[in-house]
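A.B. asks: I'd like to ask you about the structure that follows.
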Amino acid sequence: MHLKMNVLVIGSGGREHALCWALKKSSDIETLYCAPGNGGIEEVAVCAPLNTEISDEVINFCHKNKIEFVVVGPEVPLVAGLVDDLSAAGIDAFGPRANAAALEGSKGFMKDLCREFDIPTAAYERFTDPKAAKVYLKTQSMPIVIKADGLAAGKGVIIPTTLDEAEATVDDILGGKFGGAGAEIVIEEFMQGEEASFFVLTDGTNILPLATAQDHKPVGDGDTGPNTGGMGAYSPAPVMTEEMIQTTIDTIIKPTVAAMTSRGAPYTGVLYAGLMITQDGPKLIEYNVRFGDPETQVLCARLDSDILPALRATANGTLNEVSISWKDEAALVVVMAAKGYPDAYVKNTQIANLAAANETPNVIVLHAGTKKEGGEILSTGGRVLGVTATGQTVTDAQKNAYAAINKINWPEGFCRSDIGWRAIAREE
């Protein structure tokens, strides 16, 4: 007899809604829980109001509800060691331990690893002293990239175009703009090219590449304005040809997995490489130690197999025994954000007509920053919805997504009108 299991997903964003939506289709799951979840996730999982930063609270919940497998979504609990704590309590979990999650938790750690193991990335230096940083800046050409070392919710990367701007940015970050995340900075050369997101599952030895995706970081149309956590994404990414994928695996992914093992911090989970495709080939911009948001939304929309066996095999070292299949269709997600984002934004505004949007053919509206109150959906975050669509081409998927957005009544929200423009230009 086939025994079903209870599974808990940690997180409350669009990525977790996408993962829960995909996991809900698994025939191996008895009850799917999500903590803390959001207003959309409760349609597919039992939401539990846990403080996921307190490991004991999560562990007690797992024991009480007979949860056998935990999927940790966001980077903060991973960097804080939630997987270590779950493992110590005898609970299987998907995601890296704290010593491996440092790949995202410290940009300096990641850059030093690249330098030591000859992994292609931008030239860089690390600084804690503003004077030394400014001396270095005077020797560099503009634009230049300045990053807070620690976790800054996707907003800790600034690209000044003049020396004055660069010096002001150094003062801002080292002066506390991002709190403790900015106690150290990384200054690196500005790379020319096209960005892409590349995801693999790895159990520390074996690697299973996932579908490719590309996201739109800047807030405005034409990729203008400040960077955000991501205003939309599409999959597949045309720039990631079979040859480019293989080069990325050989020169970036495999050396990283081997390097982490050699350092006594074997990496298990999803390894998400932010890449710049340059004239010299792919170079690593940064690693994330969790599924991307909003890329997960398009990956889950294209997924054609049960995701649970692959996540479990990643956690228990048998990744070589599983495979994942993908639909030939393209997928595209448009993020609807609260007006003002990525700066101060309005909360608790009502979003209407979501049911009509969800009935649009080939569309699912995934929730990121929402809550359900008295039967109404209210906004609670900066990035609030991920309107996710599939189609034969990126052009088709884009039409479907914006058709659904036009049905949503949310005056306090906004979105970009050109998600997928690079891929669409290639299709025309």
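Here, A, B, ... name the chains of the structure tokens in the order displayed, residue numbers run from 1 inside each chain, and ligands are numbered from 1 in the same displayed order.
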Enumerate the residues of region 278-391 of chain A with a DSSP assignment of strand (DSSP E), computed from the backbone, and present them as an MDAnalysis selection string.

C.D. replies: chainID A and resid 278 281:288 330:338 350:351 363:367 370:373 376:379 383:391

A.B. asks: Residues at most 12 Å from Gly175 (chain A), counting only C-alpha atoms, excluding those fewer than 4 positions away in the same chain, as a PDB file with N, CA and C atoms, in the first residue's frame?

C.D. replies:
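For reference, out25.pdb as written:
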```pdb
ATOM      1  N   THR A 128      34.781  47.503   4.266  1.00  0.00           N
ATOM      2  CA  THR A 128      33.975  47.916   5.418  1.00  0.00           C
ATOM      3  C   THR A 128      34.254  49.391   5.734  1.00  0.00           C
ATOM      4  N   ASP A 129      35.340  49.927   5.155  1.00  0.00           N
ATOM      5  CA  ASP A 129      35.762  51.306   5.435  1.00  0.00           C
ATOM      6  C   ASP A 129      35.424  52.199   4.235  1.00  0.00           C
ATOM      7  N   PRO A 130      34.574  53.220   4.442  1.00  0.00           N
ATOM      8  CA  PRO A 130      34.180  54.071   3.312  1.00  0.00           C
ATOM      9  C   PRO A 130      35.362  54.760   2.627  1.00  0.00           C
ATOM     10  N   ALA A 148      25.266  45.594  -0.982  1.00  0.00           N
ATOM     11  CA  ALA A 148      25.321  45.279   0.444  1.00  0.00           C
ATOM     12  C   ALA A 148      25.677  43.802   0.560  1.00  0.00           C
ATOM     13  N   GLU A 167      30.191  57.350  -4.679  1.00  0.00           N
ATOM     14  CA  GLU A 167      30.671  57.698  -3.339  1.00  0.00           C
ATOM     15  C   GLU A 167      29.501  57.876  -2.365  1.00  0.00           C
ATOM     16  N   ALA A 168      28.412  58.474  -2.853  1.00  0.00           N
ATOM     17  CA  ALA A 168      27.215  58.657  -2.015  1.00  0.00           C
ATOM     18  C   ALA A 168      26.606  57.305  -1.644  1.00  0.00           C
ATOM     19  N   THR A 169      26.636  56.369  -2.604  1.00  0.00           N
ATOM     20  CA  THR A 169      26.093  55.025  -2.355  1.00  0.00           C
ATOM     21  C   THR A 169      26.899  54.304  -1.277  1.00  0.00           C
ATOM     22  N   VAL A 170      28.227  54.427  -1.342  1.00  0.00           N
ATOM     23  CA  VAL A 170      29.101  53.832  -0.311  1.00  0.00           C
ATOM     24  C   VAL A 170      28.709  54.365   1.062  1.00  0.00           C
ATOM     25  N   ASP A 171      28.532  55.701   1.162  1.00  0.00           N
ATOM     26  CA  ASP A 171      28.149  56.312   2.442  1.00  0.00           C
ATOM     27  C   ASP A 171      26.780  55.823   2.905  1.00  0.00           C
ATOM     28  N   GLY A 179      20.717  48.454   7.199  1.00  0.00           N
ATOM     29  CA  GLY A 179      20.968  47.870   8.515  1.00  0.00           C
ATOM     30  C   GLY A 179      22.228  47.017   8.497  1.00  0.00           C
ATOM     31  N   GLY A 180      22.175  45.909   9.248  1.00  0.00           N
ATOM     32  CA  GLY A 180      23.336  45.024   9.368  1.00  0.00           C
ATOM     33  C   GLY A 180      23.768  44.399   8.055  1.00  0.00           C
ATOM     34  N   ALA A 181      22.832  44.293   7.080  1.00  0.00           N
ATOM     35  CA  ALA A 181      23.176  43.702   5.773  1.00  0.00           C
ATOM     36  C   ALA A 181      24.237  44.523   5.054  1.00  0.00           C
ATOM     37  N   GLY A 182      24.340  45.819   5.426  1.00  0.00           N
ATOM     38  CA  GLY A 182      25.289  46.694   4.758  1.00  0.00           C
ATOM     39  C   GLY A 182      26.518  47.037   5.584  1.00  0.00           C
ATOM     40  N   ALA A 183      26.849  46.189   6.547  1.00  0.00           N
ATOM     41  CA  ALA A 183      28.055  46.432   7.358  1.00  0.00           C
ATOM     42  C   ALA A 183      29.312  46.270   6.508  1.00  0.00           C
ATOM     43  N   GLU A 184      29.170  45.507   5.423  1.00  0.00           N
ATOM     44  CA  GLU A 184      30.264  45.344   4.463  1.00  0.00           C
ATOM     45  C   GLU A 184      29.668  45.503   3.074  1.00  0.00           C
ATOM     46  N   ILE A 185      30.482  45.998   2.133  1.00  0.00           N
ATOM     47  CA  ILE A 185      30.004  46.105   0.751  1.00  0.00           C
ATOM     48  C   ILE A 185      30.939  45.369  -0.197  1.00  0.00           C
TER      49      ILE A 185
END
```

A.B. asks: Out of A:Leu103, A:Ala310, A:Ala166, A:Val239, which residue has the shortest atom-to-atom distance to Ser197 (chain A) when counting only C-alpha atoms?

C.D. replies: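 Looking only at the distances to Ser197 (chain A), the closest residue turns out to be A:Val239.
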
A.B. asks: Measuring between only C-alpha atoms, which one of A:Ala211, A:Leu86, A:Val365, A:Ala98 shows the shortest distance to Glu57 (chain A)?

C.D. replies: A:Leu86

A.B. asks: As a ChimeraX atom specification, which residues of region 13-222 of chain A does DSSP assign to helix (DSSP H, G or I)?

C.D. replies: /A:14-23,41-43,55-64,75-80,82-88,98-105,107-117,130-137,163-174,179-182

A.B. asks: Which region 270-316 of chain A residues have any atom within 12 Å of an atom of region 70-80 of chain A, and for each, what is the nearest pair of atoms with distance in Å to one decimal, counting only C-alpha atoms, rows sorted by chain and number, as a tab-separated table?

C.D. replies:
```
residue	atom	partner	partner_atom	distance
A:Val270	CA	A:Gly73	CA	10.1
A:Leu271	CA	A:Glu75	CA	11.6
A:Tyr272	CA	A:Glu75	CA	11.6
A:Tyr287	CA	A:Glu75	CA	11.2
A:Asn288	CA	A:Glu75	CA	7.8
A:Val289	CA	A:Glu75	CA	6.6
A:Arg290	CA	A:Glu75	CA	6.2
A:Phe291	CA	A:Gly73	CA	7.0
A:Gly292	CA	A:Pro74	CA	9.2
A:Asp293	CA	A:Pro74	CA	9.4
A:Thr296	CA	A:Gly73	CA	10.5
A:Ile307	CA	A:Val71	CA	11.4
A:Leu308	CA	A:Val71	CA	9.7
A:Ala310	CA	A:Val71	CA	11.7
A:Leu311	CA	A:Val71	CA	8.0
A:Arg312	CA	A:Val71	CA	9.2
A:Thr314	CA	A:Val71	CA	11.1
A:Ala315	CA	A:Val71	CA	9.7
```

A.B. asks: Which residue is closest to Ile285 (chain A)? Choose from A:Leu366, A:Met336, A:Met231, A:Ala122 and count only C-alpha atoms.

C.D. replies: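 When distances to Ile285 (chain A) are compared using only C-alpha atoms, the smallest one comes from A:Ala122.
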
A.B. asks: Between A:Gln140, A:Ser26, A:Asn406, A:Ser323, which one has atoms that come closest to Leu354 (chain A), using only C-alpha atoms?

C.D. replies: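 For Leu354 (chain A), the nearest of the given residues is A:Asn406.
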
A.B. asks: If I take CA of Ala89 (chain A) and CA of Ile10 (chain A), how far is one from the other in Å, to one decimal?

C.D. replies: 16.5 Å

A.B. asks: Which one of A:Ile67, A:Ala331, A:Val44, A:Leu275 sits closest to Phe198 (chain A) if you count only C-alpha atoms?

C.D. replies: A:Leu275

A.B. asks: Show me, as a ChimeraX atom specification, the residues that have an atom within 7 Å of Ala330 (chain A) when counting only C-alpha atoms, minus same-chain residues fewer than 5 positions from it.

C.D. replies: /A:235-236,390-394,397

A.B. asks: Write a file of the selected residues as a PDB file, in the first residue's frame, keeping N, CA and C atoms.

C.D. replies:
```
ATOM      1  N   SER A 235       9.500  32.030 -19.167  1.00  0.00           N
ATOM      2  CA  SER A 235      10.264  30.794 -19.376  1.00  0.00           C
ATOM      3  C   SER A 235       9.721  30.120 -20.635  1.00  0.00           C
ATOM      4  N   PRO A 236      10.582  29.574 -21.504  1.00  0.00           N
ATOM      5  CA  PRO A 236      12.042  29.516 -21.398  1.00  0.00           C
ATOM      6  C   PRO A 236      12.685  30.863 -21.739  1.00  0.00           C
ATOM      7  N   THR A 390       0.156  30.739 -19.560  1.00  0.00           N
ATOM      8  CA  THR A 390       0.900  29.920 -20.525  1.00  0.00           C
ATOM      9  C   THR A 390       0.369  30.197 -21.927  1.00  0.00           C
ATOM     10  N   GLY A 391       1.167  29.821 -22.922  1.00  0.00           N
ATOM     11  CA  GLY A 391       0.781  29.997 -24.326  1.00  0.00           C
ATOM     12  C   GLY A 391       1.778  29.262 -25.201  1.00  0.00           C
ATOM     13  N   GLN A 392       1.462  29.132 -26.481  1.00  0.00           N
ATOM     14  CA  GLN A 392       2.375  28.437 -27.402  1.00  0.00           C
ATOM     15  C   GLN A 392       3.709  29.164 -27.500  1.00  0.00           C
ATOM     16  N   THR A 393       3.667  30.502 -27.399  1.00  0.00           N
ATOM     17  CA  THR A 393       4.877  31.332 -27.459  1.00  0.00           C
ATOM     18  C   THR A 393       4.828  32.318 -26.290  1.00  0.00           C
ATOM     19  N   VAL A 394       5.932  33.024 -26.066  1.00  0.00           N
ATOM     20  CA  VAL A 394       5.933  34.066 -25.027  1.00  0.00           C
ATOM     21  C   VAL A 394       4.914  35.156 -25.389  1.00  0.00           C
ATOM     22  N   ALA A 397       1.530  33.917 -24.313  1.00  0.00           N
ATOM     23  CA  ALA A 397       1.430  33.918 -22.855  1.00  0.00           C
ATOM     24  C   ALA A 397       1.255  35.350 -22.337  1.00  0.00           C
TER      25      ALA A 397
END
```

A.B. asks: Need the shell around Lys339 (chain A): protein/DNA/RNA residues with any atom at most 7 Å away, counting only C-alpha atoms. Skip same-chain ones fewer than 4 positions apart. Format as a list in words?

C.D. replies: Tyr345, Val346, Glu412, Gly413 and Phe414 of chain A

A.B. asks: In terms of the shortest atom-to-atom distance over only C-alpha atoms, which of A:Cys62, A:Ala48, A:Ala265, A:Ala152 is closest to Asp92 (chain A)?

C.D. replies: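 Ranking A:Cys62, A:Ala48, A:Ala265, A:Ala152 by distance to Asp92 (chain A), first place goes to A:Cys62.
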
A.B. asks: What's around Gly222 (chain A) at 9 Å? Count only C-alpha atoms, leave out sequence neighbours fewer than 3 positions away in its own chain, and write the answer as a PDB file with C-alpha atoms, in the first residue's frame.

C.D. replies:
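Produced file result32.pdb, reproduced below:
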```
ATOM      1  CA  PRO A 218      13.606  47.230 -12.695  1.00  0.00           C
ATOM      2  CA  ARG A 416       4.668  46.897 -16.067  1.00  0.00           C
ATOM      3  CA  ASP A 418       6.038  45.091 -21.340  1.00  0.00           C
ATOM      4  CA  ILE A 419       6.996  41.889 -19.490  1.00  0.00           C
ATOM      5  CA  TRP A 421       9.743  42.185 -24.400  1.00  0.00           C
TER       6      TRP A 421
END
```

A.B. asks: Mind giving me the straight-line distance from CA of Lys399 (chain A) to CA of Pro361 (chain A) in Å, one decimal?

C.D. replies: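 Atom-to-atom, CA of Lys399 (chain A) and CA of Pro361 (chain A) are spaced 10.9 Å apart.
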
A.B. asks: Which residues are near region 247-260 of chain A? Cut-off 10 Å, only C-alpha atoms, ignore same chain within fewer than 3 positions. Put them as a PyMOL selection string.

C.D. replies: chain A and resi 99-100+103+110+113-114+116-121+198-200+202-207+209+240-244+263-268+271-273+275+277+281-284
